[in-house]
Amino acid sequence: MTPTLLARCRAALGFSRQELADALGVRKETIYRWEIGKARIGRPERLRGEVLALLAERGIEIERLRQELDRAA
């Protein structure tokens with residue numbers, strides 16, 4: 001999961017950083033640091049799965065994002 005891809009997924013969800021942080025159980029500042037590349041994502045496989053689940057729950061077309069997530073894994 002790259003910082004840019006995380007930001008794209010958040011945008012596809014229509015979430016603010018706070019909303020994504022709440023959904024993932026992290027702080028808003030953590031989302032910000034991940035998105036700008038200031039902090040390393042500690043468990044990228046877990047984050048990838050959680051983000052894909054959020055996208056699927058909302059019925060968002062995820063095929064292109066899934067391919068990007070798979071390449072970034």
# chains A, B, ... in the order shown; residues from 1 in each chain; ligands from 1
$ residues_around --residues "segment 52-68 of chain A" --least-positions-apart "5" --cutoff "8 Å" --atoms "only C-alpha atoms" --output "number ranges by chain"
A: 5, 9, 12-13
$ residues_around --residues "Ala23 of chain A" --least-positions-apart "2" --cutoff "12 Å" --atoms "only C-alpha atoms" --output "PyMOL selection string"
chain A and resi 10+13+15-21+25-28+31+47+50-51+53-55
$ write_last_selection --atoms "C-alpha atoms" --output "compact mmCIF listing (two decimals), in the first residue's frame"
# COMPACT_ATOMS: atom_id res chain seq x y z
CA ARG A 10 -9.92 7.26 1.07
CA LEU A 13 -14.74 6.03 0.04
CA PHE A 15 -14.06 9.64 3.89
CA SER A 16 -12.29 12.40 5.72
CA ARG A 17 -9.03 11.43 7.39
CA GLN A 18 -10.90 11.28 10.69
CA GLU A 19 -13.56 8.96 9.27
CA LEU A 20 -10.95 6.59 7.84
CA ALA A 21 -8.99 6.72 11.09
CA GLY A 25 -8.89 2.21 14.68
CA VAL A 26 -6.00 4.64 14.33
CA ARG A 27 -5.54 8.37 14.88
CA LYS A 28 -6.27 10.97 12.20
CA ILE A 31 -3.64 8.61 8.32
CA LEU A 47 -4.36 -2.27 6.08
CA GLU A 50 -9.31 -3.52 5.81
CA VAL A 51 -9.43 -0.89 3.06
CA ALA A 53 -13.37 -4.54 2.96
CA LEU A 54 -14.49 -0.92 3.45
CA LEU A 55 -14.68 -0.40 -0.31
$ atom_distance --atom1 "atom CA of Arg43 of chain A" --atom2 "atom CA of Thr2 of chain A"
12.2 Å
$ select_by_dssp --residues "segment 32-72 of chain A" --states "alpha helix (DSSP H)" --output "list of chain:residue names"
A:Tyr32, A:Arg33, A:Trp34, A:Glu35, A:Ile36, A:Pro44, A:Glu45, A:Arg46, A:Leu47, A:Arg48, A:Gly49, A:Glu50, A:Val51, A:Leu52, A:Ala53, A:Leu54, A:Leu55, A:Ala56, A:Glu57, A:Glu63, A:Arg64, A:Leu65, A:Arg66, A:Gln67, A:Glu68, A:Leu69, A:Asp70, A:Arg71, A:Ala72
$ atom_distance --atom1 "atom CA of Leu6 of chain A" --atom2 "atom CA of Trp34 of chain A"
7.9 Å
$ atom_distance --atom1 "atom CA of Glu35 of chain A" --atom2 "atom CA of Met1 of chain A"
10.1 Å
$ closest_residue --among "A:Gly42, A:Arg48, A:Gly14, A:Ile36" --to "Arg71 of chain A" --atoms "only C-alpha atoms"
A:Arg48
